[in-house]
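Heads up, work13.cif below (mmCIF, C-alpha atoms):
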data_run
loop_
_atom_site.label_atom_id
_atom_site.label_comp_id
_atom_site.auth_asym_id
_atom_site.auth_seq_id
_atom_site.Cartn_x
_atom_site.Cartn_y
_atom_site.Cartn_z
CA MET A 219 0.00 0.00 0.00
CA THR A 220 1.34 3.41 -0.96
CA SER A 221 1.80 5.70 2.03
CA GLU A 222 -0.01 9.03 1.99
CA PRO A 223 2.25 12.12 2.07
CA SER A 224 1.79 14.17 5.23
CA SER A 225 2.81 17.44 3.57
CA LEU A 226 3.58 18.83 0.13
CA PHE A 227 4.66 22.16 -1.31
CA VAL A 228 2.40 24.17 -3.59
CA TRP A 229 4.17 25.83 -6.52
CA ILE A 230 2.50 28.52 -8.60
CA TRP A 231 3.08 30.19 -11.95
CA LEU A 232 2.42 33.88 -11.41
CA PRO A 233 0.76 35.87 -14.21
CA GLY A 234 3.10 36.37 -17.16
CA LYS A 235 5.84 34.11 -15.74
CA THR A 236 7.23 30.93 -17.27
CA GLU A 237 8.85 29.51 -14.12
CA PRO A 238 7.00 28.58 -10.92
CA VAL A 239 7.72 29.74 -7.37
CA VAL A 240 6.79 28.17 -4.07
CA ALA A 241 3.57 29.64 -2.73
CA GLY A 242 3.26 27.60 0.42
CA GLN A 243 2.67 24.19 1.93
CA VAL A 244 -0.25 21.81 2.42
CA MET A 245 -0.26 19.47 5.40
CA LYS A 246 -2.61 17.06 7.08
CA GLN A 247 -4.34 18.23 10.22
CA ASP A 248 -3.85 15.87 13.14
CA GLY A 249 -6.92 13.87 14.01
CA SER A 250 -8.99 14.79 10.94
CA ASP A 251 -9.18 14.51 7.17
CA ASN A 252 -8.61 18.25 6.81
CA ILE A 253 -5.69 19.55 4.78
CA LEU A 254 -4.28 22.87 5.96
CA PHE A 255 -2.44 25.42 3.84
CA GLY A 256 0.05 28.10 4.76
CA TYR A 257 1.77 30.68 2.57
CA GLY A 258 5.56 30.73 2.74
CA ARG A 259 7.38 33.77 4.09
CA SER A 260 9.27 34.38 0.84
CA TYR A 261 6.00 34.29 -1.12
CA ARG A 262 4.30 36.73 1.23
CA ARG A 263 7.21 39.11 0.66
CA ASN A 264 7.12 38.69 -3.14
CA PRO A 265 5.73 41.92 -4.65
CA ASP A 266 4.24 39.89 -7.54
CA ALA A 267 2.47 37.39 -5.27
CA ILE A 268 -1.25 36.81 -5.72
CA PRO A 269 -3.62 34.79 -3.54
CA ILE A 270 -4.44 31.37 -4.97
CA PHE A 271 -8.00 32.61 -4.40
CA ASP A 272 -8.88 35.32 -1.94
CA LEU A 273 -12.12 33.76 -0.72
CA ASP A 274 -10.55 30.59 0.66
CA LEU A 275 -6.79 31.28 0.66
CA PRO A 276 -6.14 34.98 1.30
CA ILE A 277 -2.46 35.83 1.70
CA GLY A 278 -1.46 36.09 5.34
CA GLU A 279 0.53 34.47 8.12
CA GLY A 280 -0.35 31.17 9.72
CA LEU A 281 -2.16 28.04 8.61
CA ILE A 282 -5.54 28.26 6.90
CA GLU A 283 -8.06 25.59 7.83
CA PRO A 284 -10.68 24.72 5.20
CA SER A 285 -14.11 26.02 6.13
CA GLY A 286 -17.72 25.52 5.09
CA GLY A 287 -17.67 21.73 5.26
CA HIS A 288 -14.59 21.34 3.03
CA ASN A 289 -11.59 19.23 3.94
CA LEU A 290 -9.46 21.04 1.33
CA ALA A 291 -9.65 24.61 0.05
CA PRO A 292 -11.84 24.58 -3.09
CA SER A 293 -9.24 26.49 -5.10
CA LEU A 294 -6.75 23.68 -4.43
CA ARG A 295 -9.35 21.00 -5.15
CA ASP A 296 -9.79 22.54 -8.61
CA ALA A 297 -6.22 21.45 -9.41
CA LEU A 298 -6.90 17.77 -8.66
CA PRO A 299 -8.21 15.09 -11.01
CA ASP A 300 -11.83 14.01 -10.96
CA ARG A 301 -13.22 10.59 -11.70
CA TRP A 302 -11.23 9.51 -14.78
CA GLY A 303 -7.85 10.72 -13.52
CA ARG A 304 -8.47 9.09 -10.15
CA ARG A 305 -9.36 5.81 -11.81
CA VAL A 306 -6.07 5.87 -13.72
CA ILE A 307 -4.08 6.55 -10.54
CA VAL A 308 -5.88 3.91 -8.46
CA ASN A 309 -5.39 1.40 -11.28
CA GLU A 310 -1.68 2.20 -11.37
CA LEU A 311 -1.19 1.96 -7.59
CA LEU A 312 -3.42 -1.01 -6.75
CA GLY A 313 -4.03 -2.75 -10.05
CA ASN A 314 -7.78 -2.62 -9.40
CA LYS A 315 -10.00 -3.07 -12.41
CA ARG A 316 -13.44 -1.86 -13.48
CA GLU A 317 -15.93 -2.00 -10.58
CA GLU A 318 -13.06 -2.67 -8.16
CA ILE A 319 -11.70 0.80 -8.80
CA ASP A 320 -12.66 3.08 -5.93
CA GLU A 321 -11.94 6.70 -6.81
CA ASP A 322 -11.81 7.45 -3.07
CA ALA A 323 -9.25 4.74 -2.33
CA PHE A 324 -6.64 7.36 -1.46
CA GLY A 325 -6.61 10.74 0.19
CA GLU A 326 -6.22 14.01 -1.67
CA MET A 327 -2.49 14.24 -0.95
CA THR A 328 -1.89 11.08 -2.99
CA PHE A 329 -3.79 12.50 -5.95
CA MET A 330 -1.83 15.76 -5.63
CA ILE A 331 1.55 14.10 -5.99
CA ARG A 332 0.60 11.23 -8.31
CA SER A 333 -1.09 13.31 -11.00
CA GLY A 334 0.85 15.17 -13.66
CA SER A 335 2.44 18.59 -13.41
CA ASP A 336 0.86 19.89 -16.63
CA ARG A 337 -2.51 19.95 -14.89
CA ILE A 338 -5.21 22.48 -15.69
CA GLY A 339 -4.47 25.88 -14.17
CA ALA A 340 -1.34 27.41 -12.69
CA ILE A 341 -0.38 25.38 -9.61
CA ASP A 342 1.37 22.08 -8.95
CA PHE A 343 2.32 19.99 -5.93
CA GLN A 344 5.88 18.95 -5.14
CA GLU A 345 7.78 17.15 -2.40
CA SER A 346 10.53 19.80 -2.39
CA ALA A 347 10.46 23.52 -1.69
CA ASP A 348 13.84 24.00 -3.34
CA GLU A 349 13.68 22.20 -6.68
CA PHE A 350 10.72 21.90 -9.03
CA VAL A 351 10.73 18.49 -10.70
CA PRO A 352 7.91 18.24 -13.24
CA ARG A 353 6.04 14.96 -13.54
CA VAL A 354 5.53 14.67 -17.27
CA SER A 355 4.45 11.94 -19.63
CA ALA A 356 6.45 10.56 -22.50
CA GLU A 357 4.85 11.33 -25.84
CA ALA A 358 2.21 8.78 -26.85
CA THR A 359 0.24 8.42 -30.05
CA LEU A 360 -3.53 8.81 -30.10
CA GLU A 361 -3.73 5.10 -30.93
CA GLU A 362 -1.76 4.25 -27.77
CA LEU A 363 -3.91 6.58 -25.70
CA GLN A 364 -7.15 5.12 -27.05
CA SER A 365 -5.85 1.61 -26.37
CA PHE A 366 -4.94 2.59 -22.82
CA ALA A 367 -8.39 4.07 -22.21
CA ASP A 368 -10.05 0.92 -23.55
CA LYS A 369 -7.99 -1.32 -21.29
CA ILE A 370 -8.74 0.73 -18.17
CA GLU A 371 -12.46 0.74 -18.96
CA ALA A 372 -12.48 -3.02 -19.74
CA GLY A 373 -10.45 -3.97 -16.67
CA GLU A 374 -7.66 -5.47 -18.76
CA ALA A 375 -3.99 -5.44 -17.89
CA VAL A 376 -2.11 -2.35 -19.08
CA PRO A 377 1.44 -2.82 -20.40
CA GLU A 378 3.88 -1.26 -17.94
CA VAL A 379 5.51 0.98 -20.55
CA LEU A 380 2.16 2.34 -21.66
CA ASP A 381 1.00 2.64 -18.05
CA ARG A 382 3.91 4.90 -17.16
CA THR A 383 3.52 6.88 -20.37
CA ILE A 384 -0.09 7.76 -19.61
CA LEU A 385 -0.01 8.16 -15.85
CA HIS A 386 1.21 11.73 -15.61
CA GLY A 387 -1.46 12.86 -18.04
CA SER A 388 -4.07 11.81 -15.50
CA SER A 389 -4.45 15.19 -13.82
CA ILE A 390 -7.45 16.23 -15.89
CA GLY A 391 -10.96 16.03 -14.46
CA GLY A 392 -14.17 14.56 -15.71
CA ALA A 393 -15.75 11.11 -15.84
CA ARG A 394 -14.84 9.96 -19.36
CA PRO A 395 -11.51 8.74 -20.82
CA LYS A 396 -9.22 11.62 -21.73
CA ALA A 397 -5.58 12.69 -21.71
CA LEU A 398 -3.43 15.81 -21.96
CA ILE A 399 -1.16 15.89 -25.01
CA ASN A 400 1.20 18.21 -26.84
CA ASP A 401 0.40 18.92 -30.48
CA THR A 402 3.48 18.25 -32.59
CA LYS A 403 1.81 18.43 -36.01
CA SER A 404 0.26 21.88 -36.39
CA ASP A 405 2.00 25.04 -37.55
CA ARG A 406 1.90 26.52 -34.05
CA PRO A 407 2.56 25.11 -30.58
CA ARG A 408 -0.59 23.87 -28.87
CA LYS A 409 -1.57 21.81 -25.88
CA LEU A 410 -4.65 19.66 -26.30
CA ILE A 411 -7.11 17.58 -24.35
CA ALA A 412 -7.87 14.31 -26.14
CA LYS A 413 -11.33 12.91 -25.29
CA PHE A 414 -11.82 9.32 -26.34
CA SER A 415 -14.76 7.19 -27.37
CA ALA A 416 -15.55 4.49 -24.83
CA ALA A 417 -16.07 0.97 -26.14
CA ASN A 418 -19.46 0.81 -24.41
CA ASP A 419 -20.81 4.16 -25.63
CA VAL A 420 -24.50 3.76 -26.43
CA PHE A 421 -24.48 6.67 -28.86
CA ALA A 422 -21.94 8.75 -30.75
CA MET A 423 -20.87 10.88 -27.78
CA VAL A 424 -17.63 12.18 -29.26
CA LYS A 425 -19.24 13.08 -32.57
CA GLY A 426 -22.10 14.73 -30.71
CA GLU A 427 -19.80 16.83 -28.57
CA PHE A 428 -17.79 17.93 -31.60
CA ALA A 429 -21.01 18.96 -33.35
CA THR A 430 -22.44 20.96 -30.46
CA MET A 431 -19.12 22.64 -29.67
CA ARG A 432 -18.75 23.59 -33.33
CA LEU A 433 -22.34 24.85 -33.49
CA ALA A 434 -21.78 26.89 -30.31
CA LYS A 435 -18.88 28.67 -31.99
CA LEU A 436 -20.92 29.26 -35.14
CA ALA A 437 -23.66 30.72 -32.93
CA GLY A 438 -21.21 33.30 -31.60
CA LEU A 439 -20.26 31.75 -28.26
CA ASP A 440 -16.69 31.95 -26.99
CA VAL A 441 -15.74 28.27 -26.94
CA ALA A 442 -12.59 26.17 -26.90
CA GLU A 443 -11.39 25.17 -30.36
CA VAL A 444 -12.20 21.55 -31.25
CA GLU A 445 -11.19 19.05 -33.91
CA ILE A 446 -12.13 15.43 -34.50
CA GLU A 447 -9.92 12.58 -35.64
CA GLN A 448 -10.54 8.91 -36.31
CA VAL A 449 -8.38 6.52 -34.28
CA LEU A 450 -8.74 2.73 -34.24
CA ASP A 451 -12.04 3.03 -36.14
CA ARG A 452 -13.44 5.41 -33.52
CA GLU A 453 -13.45 9.15 -33.03
CA VAL A 454 -11.25 11.23 -30.73
CA LEU A 455 -12.17 14.82 -29.87
CA LEU A 456 -9.22 17.21 -29.61
CA VAL A 457 -9.85 20.32 -27.52
CA GLU A 458 -7.32 23.13 -27.52
CA ARG A 459 -6.34 24.18 -24.00
CA PHE A 460 -6.95 27.83 -23.16
CA ASP A 461 -4.99 27.83 -19.90
CA ARG A 462 -1.66 27.73 -21.75
CA ILE A 463 -0.06 30.51 -23.81
CA PRO A 464 3.07 29.57 -25.78
CA VAL A 465 6.22 31.66 -25.34
CA ASP A 466 9.38 31.44 -27.48
CA GLU A 467 7.65 29.26 -30.09
CA GLY A 468 6.46 26.81 -27.47
CA LYS A 469 9.75 26.37 -25.64
CA ASN A 470 8.05 27.91 -22.63
CA TRP A 471 4.45 28.47 -21.59
CA HIS A 472 2.51 30.98 -19.55
CA ARG A 473 -0.02 29.23 -17.33
CA ARG A 474 -3.34 30.89 -16.58
CA SER A 475 -5.00 30.34 -13.23
CA ILE A 476 -8.48 28.83 -13.59
CA LEU A 477 -11.15 28.47 -10.92
CA SER A 478 -14.38 26.54 -11.35
CA ALA A 479 -17.76 28.08 -10.68
CA LEU A 480 -18.04 25.71 -7.73
CA THR A 481 -15.06 27.52 -6.22
CA TRP A 482 -16.60 30.93 -6.93
CA THR A 483 -19.50 29.89 -4.69
CA GLN A 484 -17.32 28.10 -2.09
CA GLU A 485 -19.98 25.37 -1.95
CA THR A 486 -19.26 21.68 -1.39
CA GLU A 487 -19.92 19.02 -4.01
CA LEU A 488 -23.00 17.87 -2.07
CA ALA A 489 -24.46 21.38 -2.02
CA ALA A 490 -23.64 22.08 -5.66
CA ARG A 491 -27.05 20.90 -6.89
CA HIS A 492 -28.61 23.92 -5.19
CA ILE A 493 -26.51 26.44 -7.16
CA ALA A 494 -28.42 28.44 -9.77
CA TYR A 495 -27.25 30.22 -12.89
CA THR A 496 -28.75 33.38 -11.40
CA GLU A 497 -26.53 32.99 -8.34
CA LEU A 498 -23.49 32.73 -10.59
CA ALA A 499 -24.70 35.87 -12.39
CA ASP A 500 -24.76 37.66 -9.02
CA ILE A 501 -21.14 36.63 -8.45
CA MET A 502 -20.19 37.78 -11.93
CA ARG A 503 -21.63 41.23 -11.32
CA ALA A 504 -19.67 41.52 -8.05
CA ARG A 505 -16.38 39.78 -8.81
CA PHE A 506 -15.79 39.87 -12.58
CA ALA A 507 -13.61 42.38 -14.37
CA ASN A 508 -16.07 42.92 -17.23
CA PRO A 509 -19.59 41.77 -16.31
CA LYS A 510 -21.15 43.71 -19.20
CA LYS A 511 -19.26 41.39 -21.55
CA ASP A 512 -19.46 38.16 -19.57
CA LEU A 513 -23.09 38.22 -18.40
CA PRO A 514 -24.68 38.06 -21.91
CA GLU A 515 -22.13 35.40 -22.87
CA PHE A 516 -23.02 33.30 -19.84
CA PHE A 517 -26.75 33.68 -20.54
CA ALA A 518 -26.17 32.56 -24.13
CA ARG A 519 -24.37 29.44 -22.87
CA LEU A 520 -27.36 28.62 -20.68
CA SER A 521 -29.85 28.89 -23.53
CA PHE A 522 -27.59 26.98 -25.92
CA ASN A 523 -27.19 24.13 -23.42
CA ILE A 524 -30.96 23.69 -23.40
CA LEU A 525 -31.28 23.85 -27.19
CA VAL A 526 -28.71 21.07 -27.68
CA GLY A 527 -29.54 18.89 -24.66
CA ASN A 528 -26.44 19.52 -22.57
CA THR A 529 -27.75 18.72 -19.09
CA ASP A 530 -24.25 18.11 -17.68
CA ASP A 531 -23.77 21.81 -16.97
CA HIS A 532 -22.66 21.37 -13.35
CA ALA A 533 -20.58 23.96 -11.53
CA ARG A 534 -17.23 22.41 -12.50
CA ASN A 535 -18.17 22.75 -16.16
CA HIS A 536 -18.04 26.54 -15.89
CA ALA A 537 -14.87 28.40 -15.01
CA GLY A 538 -13.13 31.75 -14.81
CA PHE A 539 -9.60 33.01 -15.24
CA TRP A 540 -8.21 34.45 -11.99
CA ASP A 541 -5.63 37.27 -12.13
CA GLY A 542 -5.23 37.68 -8.39
CA GLU A 543 -7.91 40.35 -8.06
CA GLN A 544 -10.76 39.60 -10.45
CA LEU A 545 -12.30 36.83 -12.52
CA SER A 546 -13.23 36.63 -16.19
CA LEU A 547 -15.01 33.87 -18.09
CA THR A 548 -12.92 31.20 -19.74
CA PRO A 549 -14.05 29.91 -23.11
CA ALA A 550 -16.89 27.40 -22.82
CA TYR A 551 -16.07 23.69 -22.75
CA ASP A 552 -17.85 20.34 -22.31
CA ILE A 553 -20.95 21.42 -24.24
CA ALA A 554 -22.21 17.97 -25.16
CA PRO A 555 -25.62 16.39 -25.78
CA GLN A 556 -26.37 13.95 -22.96
CA LYS A 557 -28.13 10.60 -22.97
CA ARG A 558 -31.88 11.07 -22.47
CA GLY A 559 -35.30 10.07 -23.71
CA THR A 560 -37.56 12.43 -25.56
CA GLY A 561 -39.41 13.55 -22.43
CA GLU A 562 -38.61 15.80 -19.50
CA ALA A 563 -35.05 16.69 -18.50
CA ASN A 564 -33.37 18.82 -15.86
CA GLN A 565 -30.20 20.88 -15.95
CA ALA A 566 -27.45 19.98 -13.48
CA LEU A 567 -27.58 23.57 -12.18
CA ASN A 568 -30.78 25.33 -11.26
CA ILE A 569 -31.68 28.04 -13.75
CA THR A 570 -33.37 30.19 -11.12
CA PRO A 571 -33.49 29.11 -7.45
CA GLY A 572 -35.40 25.83 -7.20
CA LYS A 573 -36.08 25.56 -10.96
CA ASN A 574 -33.89 23.31 -13.09
CA ALA A 575 -36.33 22.10 -15.75
CA ALA A 576 -34.60 22.26 -19.13
CA GLN A 577 -37.10 24.71 -20.61
CA LEU A 578 -36.67 28.03 -22.35
CA VAL A 579 -39.43 29.64 -20.28
CA ASN A 580 -37.14 29.25 -17.26
CA VAL A 581 -34.30 30.81 -19.25
CA LEU A 582 -36.45 33.86 -19.96
CA GLU A 583 -37.25 34.15 -16.26
CA ALA A 584 -33.51 34.31 -15.55
CA ALA A 585 -32.78 37.02 -18.15
CA PRO A 586 -32.97 40.06 -15.80
CA TYR A 587 -30.17 38.61 -13.65
CA PHE A 588 -27.98 38.82 -16.74
CA GLN A 589 -29.03 42.44 -17.36
CA LEU A 590 -31.09 41.39 -20.37
CA SER A 591 -34.65 42.28 -21.31
CA GLU A 592 -37.04 39.57 -22.46
CA ALA A 593 -36.71 40.91 -26.01
CA ASP A 594 -32.91 40.69 -25.82
CA ALA A 595 -33.11 37.16 -24.43
CA ARG A 596 -35.51 36.02 -27.13
CA GLN A 597 -33.25 37.49 -29.80
CA ILE A 598 -30.25 35.53 -28.45
CA ILE A 599 -32.28 32.32 -28.45
CA ALA A 600 -33.72 32.97 -31.92
CA SER A 601 -30.26 33.57 -33.34
CA GLN A 602 -28.97 30.33 -31.83
CA ILE A 603 -31.94 28.39 -33.19
CA GLN A 604 -31.36 29.79 -36.68
CA THR A 605 -27.68 28.87 -36.57
CA ILE A 606 -28.45 25.30 -35.51
CA VAL A 607 -31.10 24.95 -38.26
CA ASP A 608 -28.79 26.40 -40.92
CA ARG A 609 -25.58 24.64 -39.95
CA TRP A 610 -26.69 21.32 -38.42
CA HIS A 611 -26.12 19.08 -41.43
CA GLU A 612 -22.81 20.55 -42.52
CA THR A 613 -21.61 20.24 -38.92
CA CYS A 614 -22.74 16.61 -38.84
CA ASP A 615 -20.83 16.08 -42.09
CA ALA A 616 -17.70 17.47 -40.46
CA ALA A 617 -18.24 15.05 -37.55
CA ARG A 618 -18.69 12.18 -40.02
CA MET A 619 -22.06 11.32 -38.49
CA ALA A 620 -24.06 8.60 -40.20
CA SER A 621 -27.74 9.24 -40.94
CA ALA A 622 -28.83 7.07 -38.02
CA GLU A 623 -26.56 8.98 -35.66
CA ARG A 624 -28.03 12.30 -36.78
CA ARG A 625 -31.56 11.02 -36.29
CA TYR A 626 -30.64 9.91 -32.77
CA PHE A 627 -29.88 13.52 -31.78
CA GLU A 628 -32.64 15.26 -33.75
CA GLY A 629 -35.60 15.99 -31.51
CA ARG A 630 -34.08 14.07 -28.62
CA GLN A 631 -31.20 16.33 -27.56
CA ILE A 632 -31.27 18.91 -30.35
CA PHE A 633 -34.56 20.85 -30.16
CA ASN A 634 -36.26 18.54 -27.68
CA ALA A 635 -39.98 19.35 -27.54
CA TYR A 636 -39.92 19.71 -23.75
CA ALA A 637 -37.54 22.66 -24.05
CA PHE A 638 -40.13 24.66 -26.03
CA GLU A 639 -43.20 24.04 -23.88
CA GLY A 640 -44.78 27.39 -23.11
CA TYR A 641 -42.16 29.20 -25.22
CA GLY A 642 -43.01 28.76 -28.87
CA SER A 643 -43.08 26.38 -31.80
CA ILE A 644 -40.53 23.61 -32.10
CA PRO A 645 -37.95 24.32 -34.84
CA GLN A 646 -37.39 21.68 -37.48
CA LEU A 647 -34.02 20.56 -38.76
CA SER A 648 -34.16 20.61 -42.54
CA ASP A 649 -33.61 17.37 -44.47
#
Can I see the file as C-alpha cells?
Amino acid sequence: MTSEPSSLFVWIWLPGKTEPVVAGQVMKQDGSDNILFGYGRSYRRNPDAIPIFDLDLPIGEGLIEPSGGHNLAPSLRDALPDRWGRRVIVNELLGNKREEIDEDAFGEMTFMIRSGSDRIGAIDFQESADEFVPRVSAEATLEELQSFADKIEAGEAVPEVLDRTILHGSSIGGARPKALINDTKSDRPRKLIAKFSAANDVFAMVKGEFATMRLAKLAGLDVAEVEIEQVLDREVLLVERFDRIPVDEGKNWHRRSILSALTWTQETELAARHIAYTELADIMRARFANPKKDLPEFFARLSFNILVGNTDDHARNHAGFWDGEQLSLTPAYDIAPQKRGTGEANQALNITPGKNAAQLVNVLEAAPYFQLSEADARQIIASQIQTIVDRWHETCDAARMASAERRYFEGRQIFNAYAFEGYGSIPQLSD
C-alpha cells in the first residue's frame, strides 16, 4: 500500500511568468481529514504574489483551515483530477480493475503528488520547496492513448511501458476517458485535451460533442477550439487548451489560473445541486472584471445548453480566469448532448433558485439577472436556433455522423420538444 504524504509544497506560476515559485505548503491536520495550507514567508514578501484565491486562501501568516464543510480549500481541489484521472491513478497503484476501482481509495495528498504537473491551471504539488521536478508523460500516439483508455475501462492489464507513459497525463478532471497531449503536427505550438470514445458508448458521444461545440462557436459563443480525428475506427475529440499561452515558439508556456464556478461559490460538491445560474450571475456582477461582456455570454451558454440537450452543466463545467484580483469567463467547454429520452429533462444547475427544468421559459425568467430584457433574451435564443437549423447538417458532415446517428440527436437532444413548452413552436431541422 502506498503511504499518503503528510505534507507537500504548492508551486505557482504567477501571471506572465514561465517559471514557478513556491507559494506555500499543504499538510494534514492531526486527528482529521482536513488539509491545511500556509503561505511561505518568501512568497508573502514577493511583490508579484497573488492569492491562490482570496475567498478561501487569502495571503497572510499562519495556517488556513478549510471552512464551510470542506476538507481542502476549493481552489486547491480545482487542481486535482476528478473521476477519470483518479481511476487511472488507483489502477496504477493497486491494479484494481473496473468496478473494483474506488476513486476514493486514497486521500487528496496522494492524488496531488501522483497526477501530472501539466494539470489544468497554474499550480502544482511537489515534495521539495527547493527544486521543481515536473512529472511529465512521455509522448504517446492517439492510438496508444485510445488503447490505454479501452484497457482501463475493460479492466484489462495495461502494459507497464504504456501505463507509465499515460499516468502523468491523468491530472485532468471529468468522468470519461481523456488525456493531456502536446500537439506536434500543427503550424503553431498547442496543448490539447484528447477525449476518447468508450467501447461501451451507447451513442456517438464524441461526434455529438464535436457537433455541439462547433455549433456553439458558429452561434457566436466563446468556446474552446475543437477538432475530430478517427483513431482505431473510432473518433477522438481534440480540444485546444486555453490555460496555456506559448512563449518562445512553445519552448516555454505561460499558465493561466483557472477556478471553477463551484469555487466561486465556495460550496461543497453535495451542495452544488442547489446552485443556480442566477446565483453565478450575481457573483459575476460583483467579482468579474467585465460583467457587461461576460453576463450576456453566460446567458447565451445557458440557452444553448438547453437547445442542444447539454444537461451536464454542473458547476465544474463553468470556469473563470483568476488574475489575483478579479475573474473573467474562460471559453466554454464540455458542451455535449447527454443521454436522455424524448421527455422531461433537468439541468445539473438550477436556472433560477429551485427551478432546473430544461425549458426556455425558465431561461427567460432568468434574463434580468444577466441584465437582459425579455426581447434581448428572445433574440439571443432565436439567433442560436437559426444557426443550428442552418448549420446542423454541414456540422454533422464534419463530424462524419451517419444518418442514423443524426436522427438519434434530432428531436431528442437537439430541439427537444420539452424545451419549447410554453415558449413557442418547435424548430425543425431541414432534411
Coordinates-based distance that separates CA of Arg473 in chain A from CA of Glu447 in chain A (Å, one decimal):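 Taking CA of Glu447 in chain A and CA of Arg473 in chain A, their separation equals 26.7 Å.
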Picked residues, the PyMOL selection byres ((chain A and resi 342) around 6), as a PyMOL selection string: chain A and resi 228-229+335+341+343
Identify all residues satisfying the PyMOL selection byres ((chain A and resi 565) around 7) in the given file; provide them as an mmCIF file with C-alpha atoms, in the coordinates of the input.
data_model
loop_
_atom_site.group_PDB
_atom_site.id
_atom_site.type_symbol
_atom_site.label_atom_id
_atom_site.label_comp_id
_atom_site.auth_asym_id
_atom_site.auth_seq_id
_atom_site.Cartn_x
_atom_site.Cartn_y
_atom_site.Cartn_z
ATOM 1 C CA THR A 529 -27.750 18.720 -19.090
ATOM 2 C CA ASP A 530 -24.250 18.110 -17.680
ATOM 3 C CA ASP A 531 -23.770 21.810 -16.970
ATOM 4 C CA ALA A 563 -35.050 16.690 -18.500
ATOM 5 C CA ASN A 564 -33.370 18.820 -15.860
ATOM 6 C CA ALA A 566 -27.450 19.980 -13.480
ATOM 7 C CA LEU A 567 -27.580 23.570 -12.180
ATOM 8 C CA ASN A 568 -30.780 25.330 -11.260
ATOM 9 C CA ASN A 574 -33.890 23.310 -13.090
ATOM 10 C CA ALA A 575 -36.330 22.100 -15.750
ATOM 11 C CA ALA A 576 -34.600 22.260 -19.130
#
Point-to-point distance from CA of Ala617 in chain A to CA of Met431 in chain A, Å rounded to tenths: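 These two atoms are separated by 11.0 Å.
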Selection dump of the PyMOL selection byres ((chain A and resi 409) around 9), as a list in words: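 Evaluating the PyMOL selection byres ((chain A and resi 409) around 9) on this file yields Leu398, Ile399, Asn400, Asp401, Pro407, Arg408, Leu410, Ile411, Val457, Glu458, Arg459, Phe460 and Arg462 of chain A.
Across the structure, CA of Glu427 in chain A and CA of Thr402 in chain A are spaced 23.7 Å apart.
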Close residues, Pro233 in chain A itself excluded, 8 Å, all atoms listed in the file, min 6 positions apart in chain, as a list in words: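 Surrounding residues, per the criterion: His472, Arg473, Arg474 and Asp541 of chain A.
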Given the selection you just returned, output its residues as a file containing C-alpha atoms, formatted as a short mmCIF file (atom, residue, chain, number, x, y, z; two decimals), in the coordinates of the input.
data_model
loop_
_atom_site.label_atom_id
_atom_site.label_comp_id
_atom_site.auth_asym_id
_atom_site.auth_seq_id
_atom_site.Cartn_x
_atom_site.Cartn_y
_atom_site.Cartn_z
CA HIS A 472 2.51 30.98 -19.55
CA ARG A 473 -0.02 29.23 -17.33
CA ARG A 474 -3.34 30.89 -16.58
CA ASP A 541 -5.63 37.27 -12.13
#
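Between Asn309 in chain A and the candidates A:Met502, A:Ala323, A:Gly572, A:Asn535, the tightest atom-to-atom separation, counting all atoms listed in the file, involves A:Ala323.
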Residue nearest Phe324 in chain A - candidates A:Ala584, A:Leu363, A:Ile307, A:Ala637, atoms counted: only C-alpha atoms: A:Ile307
Shortest interatomic distance to Leu273 in chain A - which of A:Phe517, A:Trp540, A:Phe421, A:Phe522, counting all atoms listed in the file: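 Selected residue with least distance to Leu273 in chain A: A:Trp540.
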Top pick for closest residue to Ser621 in chain A, considering A:Ile331, A:Ser601, A:Ala422, A:Gly303 and counting only C-alpha atoms: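 Of A:Ile331, A:Ser601, A:Ala422, A:Gly303, the one nearest Ser621 in chain A, counting only C-alpha atoms, is A:Ala422.
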Give me the residues of range 429-530 of chain A that have any atom at most 10 Å from an atom of range 297-300 of chain A; for each, the nearest atom pair and the distance in Å, rounded to one decimal. Use only C-alpha atoms, sort by chain and number, and format it as CSV.
residue,atom,partner,partner_atom,distance
A:Ser475,CA,A:Ala297,CA,9.8
A:Ile476,CA,A:Ala297,CA,8.8
A:Leu477,CA,A:Ala297,CA,8.7
A:Ser478,CA,A:Ala297,CA,9.8
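The list of residues with at least one atom within 10 Å of Gln602 in chain A, based on all atoms listed in the file and without residues fewer than 5 positions apart in the same chain, reads Leu433, Ala434, Leu436, Ala437, Gly438, Leu439, Ala518, Ser521, Phe522, Leu525, Arg596, Gln597, Val607 and Asp608 of chain A.
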Non-local contacts of Lys557 in chain A (12 Å; all atoms listed in the file; under 3 positions in same chain excluded) as an NGL selection string: :A and (419-423 or 426-427 or 526-530 or 554 or 560-561 or 563 or 626-627 or 630-632)
Close residues, Leu360 in chain A itself excluded, 10 Å, only C-alpha atoms, min 5 positions apart in chain, as a list of chain:residue names: A:Ser365, A:Phe366, A:Ala397, A:Ile399, A:Ala412, A:Phe414, A:Glu447, A:Gln448, A:Val449, A:Leu450, A:Val454
Residue among A:Leu312, A:Glu543, A:Gly629, A:Asn634 lying closest to Gln577 in chain A, counting all atoms listed in the file: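 Distance minimum relative to Gln577 in chain A lands on A:Asn634.
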Neighbour residues at most 10 Å from (-24.3, 30.0, -17.1) (all atoms listed in the file) as a count of residues only: 30
Emit as JSON the padded axis-aligned box for all listed atoms of range 341-345 of chain A, 3 Å per side, with centre and edge lengths in Å to one decimal.
{"center_x": 3.7, "center_y": 21.3, "center_z": -6.0, "size_x": 14.2, "size_y": 14.2, "size_z": 13.2}
Given only C-alpha atoms as the counted atoms, nearest of A:Glu562, A:Asn264, A:Arg304, A:Ile524 to Gly325 in chain A: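 Answer, going by the shortest atom-to-atom distance: A:Arg304.
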